[in-house]
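What follows is one structure encoded as structure tokens, with my remarks underneath.
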There are 2 protein chains.
Amino acid sequence: MMGELDLNEVGEWLSGTGPESDIVMSTRIRLARNVVGFPFLTRIEERRKSELERWLRDRIRGAKLDWDVSYQNLNETSPLERQCLVERHLISRDHANSKGDRGVAVGPRGMVSVMVNEEDHLRIQVLRSGFQPDAAWRQILDFDKRLEGQMDFAFSPEFGYLTACPTNCGTGMRVSVMLHLPALVMTKQIEKVFHAVSKIGLAVRGFYGEGTQAMGDFYQISNQVTLGRSEEDVLKTVAEYVPQIIKFERNWREKLITENRVGLEDRVWRAFGMLERARLITSEETMDYLSAVRMGVNLGLIDAIPISTVNELFIVTQPAHLQKLSGSELDTPERDENRADYVRRRLASLN
Amino acid sequence: MMGELDLNEVGEWLSGTGPESDIVMSTRIRLARNVVGFPFLTRIEERRKSELERWLRDRIRGAKLDWDVSYQNLNETSPLERQCLVERHLISRDHANSKGDRGVAVGPRGMVSVMVNEEDHLRIQVLRSGFQPDAAWRQILDFDKRLEGQMDFAFSPEFGYLTACPTNCGTGMRVSVMLHLPALVMTKQIEKVFHAVSKIGLAVRGFYGEGTQAMGDFYQISNQVTLGRSEEDVLKTVAEYVPQIIKFERNWREKLITENRVGLEDRVWRAFGMLERARLITSEETMDYLSAVRMGVNLGLIDAIPISTVNELFIVTQPAHLQKLSGSELDTPERDENRADYVRRRLASLN
């Protein structure tokens with residue numbers, strides 16, 4: 001028997017409620033911070049790293065926050081549980097797979113979180129549903145200030161925040177907007193977006209960030225540069241260009257509907273039919289079908305499923321979540337069967 | 001709005017009720033006959049051909065039959081209606097598309113029928129659900145005798161029944177068994193069947209007989225030779241070899257289930273999902289999905305649809321039937337949309 005997943009636990013960013021959420025899945029800001037008095041993690045001894053982890057954990061707990069934070073040491077967390085945190089976009093793959101004392105602090109509904117001892121001492125993250133760079137910025141600024149009340153960040157008047165890798169030095173900030181661009185993929189316009197954003201200092205990354213693949217027609221647009229530009233400046237660029245991509249996707253969706261509404265309905269409903277009926281399904285195939293269904297719901301072509309359920313399925317059909325829900329380790333064929341069963345029962349429960 | 005089709009009108013052979021009907025869709029016997037006093041149709045004048053048509057029509061009507069026969073002159077029948085008769089396997093494509101006075105007489109539920117002025121003066125047919133060569137033979141023998149009471153057939157003590165084309169001379173009989181062989185197609189064993197039957201004087205033909213393609217994994221096995229072998233001899237060969245093919249298909253179905261039950265279920269249910277949800281679907285794709293579903297029903301993998309409905313859908317999703325049901329001429333894209341709508345509503349009505 002499979003358990004039920006508490007969606008609140010999975011994350012606010014999947015609620016599908018923020019601005020432009022038909023196209024923008026989520027907005028994420030992260031800040032890289034290091035504290036004075038400890039070496040960078042690239043140069044630290046294991047003993048000092050453990051000390052640092054405890055020291056930071058206590059200070060995060062001691063920060064005056066308006067909400068509860070749950071903290072876990074990942075060295076004491078099972079690989080499956082760590083993989084779940086990756087799938088929820090709360091920790092990086094590297095953080096899940098590395099060794100030694102390291103942790104993550106997570107606020108309610110995963111809106112704020114802090115990785116401890118990842119590449120930098122602290123990686124502070126705010127992750128919100130829809131397109132809300134300003135709200136995310138205000139939230140992370142407040143969070144950053146509260147943490148700063150507990151410790152001294154390594155900061156140089158010349159270089160700004162100092163980081164283990166110079167590419168993060170300066171603001172230490174990365175803003176990432178996760179965009180759902182099925183129409184641009186379908187019409188092969190997506191390359192144009194890649195080309196255009198690279199010219200203005202933005203980069204395109206995959207579903208799980210840097211070095212990962214796009215899945216389900218999701219692409220993360222984020223800033224390249226952290227040095228020599230203010231946070232406000234970077235946010236302004238994002239606030240200016242992302243709406244253009246949104247508009248581009250929206251126009252192509254309209255075009256597809258105008259030119260071949262039945263063809264688009266066919267694609268969307270067939271995808272839904274596969275999710276309803278398959279007995280074996282891979283993660284990639286699931287993402288592709290969910291992507292078509294997500295667009296269909298947003299275009300009013302299909303009303304059989306709420307958008308929050310589509311978003312939820314993107315996450316809970318990933319390997320670690322599936323195994324967590326089923327309560328047992330599963331090999332790939334077992335996962336494919338389990339995934340098909342889960343999706344089928346979830347969709348049947350909507351009737 | 002689409003009309004409803006009377007399944008009785010479409011044919012007993014689709015009822016899915018005869019022996020071995022999990023694999024044998026239908027058994028068909030046809031006899032080629034010509035009458036004394038008229039030239040073969042290859043040599044006849046148009047005026048005499050018209051005379052012959054009326055003469056045969058009156059004699060068919062005058063035959064002492066236990067059931068009503070409806071007769072129609074195909075020269076006075078619309079092309080769409082003629083195409084429907086092809087799709088119901090009551091007339092050949094050639095008979096539908098040729099010119100001049102020609103006709104078809106059809107008995108209740110399409111079990112017996114006679115083409116008038118096709119390649120021969122008369123082509124008498126019995127078409128029955130499942131594997132019943134003996135019952136079909138008794139029925140056509142009786143029918144043949146009753147017609148013979150009304151006219152003199154061209155017969156030579158040396159050559160047997162004389163026909164327009166020498167390949168039909170002798171018995172003038174063709175026995176065809178329509179077999180549903182999805183497991184042999186899936187496992188690529190079907191070529192072995194082709195090879196084996198050709199050695200024993202049987203031929204493999206497509207869904208609409210000679211010169212047509214296999215569709216939906218249906219293959220017609222029929223005798224090649226009409227000269228030098230008695231009717232009983234040919235029937236004996238069919239009665240001996242067809243059960244071997246049936247067994248071969250059944251063994252491979254078992255093997256597929258034993259080795260990969262979930263994989264087979266996946267295939268069957270995905271096919272069903274496509275039929276339930278598609279908004280545009282070609283005839284070929286429909287046949288492929290119906291084939292998988294038909295096998296699934298017969299293997300107990302799916303119980304969402306009765307076999308008679310699957311069989312019915314094979315016929316009513318063909319171009320002419322679709323247009324007849326919709327009450328209007330449709331081009332190919334319109335048919336694909338109409339077909340998807342029809343199938344979807346038909347499946348929804350099963351709940």
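Every chain in the structure tokens has a letter given in the order shown (A, B, ...), and although residue numbers restart at 1 in each chain, ligands are simply numbered from 1 in the order shown.
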
Quiz prompt | chain B contacts to chain A at 9 Å (only C-alpha atoms) as a ChimeraX atom specification | solution = /B:262-281,337

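Taking CA of Gln189 (chain B) as the reference point, CA of Pro133 (chain B) is found at 25.1 Å.
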
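Residue neighbourhood of Arg146 (chain A), excluding near-sequence residues (fewer than 6 positions): A:Ile60, A:Ala63, A:Lys64, A:Leu65, at 9 Å, using only C-alpha atoms.
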
Practice problem: Using backbone DSSP assignments, extract all alpha helix (DSSP H) residues from region 16-108 of chain A; output them as number ranges by chain. | Solution: A: 46-62, 79-87, 93-97

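Of the listed residues A:Ile221, A:Val204, A:Met295, A:Val343, the one whose atoms come nearest to Thr282 (chain A) is A:Val343, with distances taken using only C-alpha atoms.
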
Practice problem: Find the spatial neighbours of region 29-37 of chain B, counting only C-alpha atoms, within a cut-off of 8 Å - ignore same-chain residues fewer than 3 positions away - and output them as number ranges by chain. | Solution: B: 40, 120-127, 133, 136-137, 140, 151-154, 161-163, 168, 171-176

Let me see the file: selected residues, C-alpha atoms, as a short mmCIF file (atom, residue, chain, number, x, y, z; two decimals), in the first residue's frame.
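Final file, result.cif:
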```cif
data_model
loop_
_atom_site.label_atom_id
_atom_site.label_comp_id
_atom_site.auth_asym_id
_atom_site.auth_seq_id
_atom_site.Cartn_x
_atom_site.Cartn_y
_atom_site.Cartn_z
CA PHE B 40 -19.53 -14.69 -69.25
CA ASP B 120 -19.20 -14.23 -62.39
CA HIS B 121 -22.96 -14.12 -62.85
CA LEU B 122 -23.38 -15.15 -59.23
CA ARG B 123 -21.10 -15.06 -56.25
CA ILE B 124 -22.91 -16.78 -53.41
CA GLN B 125 -21.57 -16.13 -49.90
CA VAL B 126 -22.18 -17.40 -46.41
CA LEU B 127 -20.44 -15.43 -43.64
CA PRO B 133 -16.65 -24.20 -41.75
CA ALA B 136 -21.20 -22.54 -43.28
CA TRP B 137 -20.79 -25.34 -45.81
CA ILE B 140 -24.26 -22.53 -48.57
CA MET B 151 -31.70 -21.84 -63.15
CA ASP B 152 -29.13 -24.00 -64.90
CA PHE B 153 -25.53 -23.46 -63.80
CA ALA B 154 -22.76 -23.72 -66.38
CA TYR B 161 -18.41 -25.31 -62.50
CA LEU B 162 -17.28 -23.00 -65.30
CA THR B 163 -16.17 -19.51 -64.32
CA ASN B 168 -12.10 -20.28 -59.96
CA THR B 171 -15.61 -26.13 -57.27
CA GLY B 172 -15.83 -22.34 -57.65
CA MET B 173 -15.40 -22.38 -53.91
CA ARG B 174 -13.29 -20.26 -51.66
CA VAL B 175 -13.24 -20.84 -47.92
CA SER B 176 -11.78 -17.94 -45.93
#
```

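Residue-level DSSP output for region 163-254 of chain B, from the backbone, shows strand (DSSP E or B) at Gly170, Met173, Arg174, Val175, Ser176, Val177, Met178, Leu179, His180, Leu202, Ala203, Val204, Arg205, Gly206, Gly209, Met215, Phe218, Tyr219, Gln220, Ile221, Ser222 and Asn223 of chain B.
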
Quiz item: To one decimal place, how far is CA of Lys324 (chain B) from CA of Leu14 (chain B) in Å?
Solution: 18.7 Å

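Between CA of Thr187 (chain B) and CA of Leu202 (chain B) the separation is 22.3 Å.
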
Quiz item: Could you name the residues that touch Asn75 (chain A) at 8 Å or less, counting only C-alpha atoms, but leaving out those on the same chain fewer than 6 positions away, as a PyMOL selection string?
Solution: chain A and resi 99-103

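Those residues that approach Ser15 (chain B) to within 10 Å, counting only C-alpha atoms, are Leu7, Asn8, Val10, Ser21, Met25, Ser26, Arg128, Ser129, Gly130, Ile307, Ser308, Thr309, Val310, Asn311 and Glu312 of chain B; same-chain residues fewer than 5 positions away are not listed.
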
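Non-sequential neighbours of Val177 (chain B) (distance at most 8 Å, separation of 6 or more positions within a chain, only C-alpha atoms) are Val24, Met25, Ser26, Thr27, Arg28, Phe131, Gln220, Ile221, Ser222 and Val242 of chain B.
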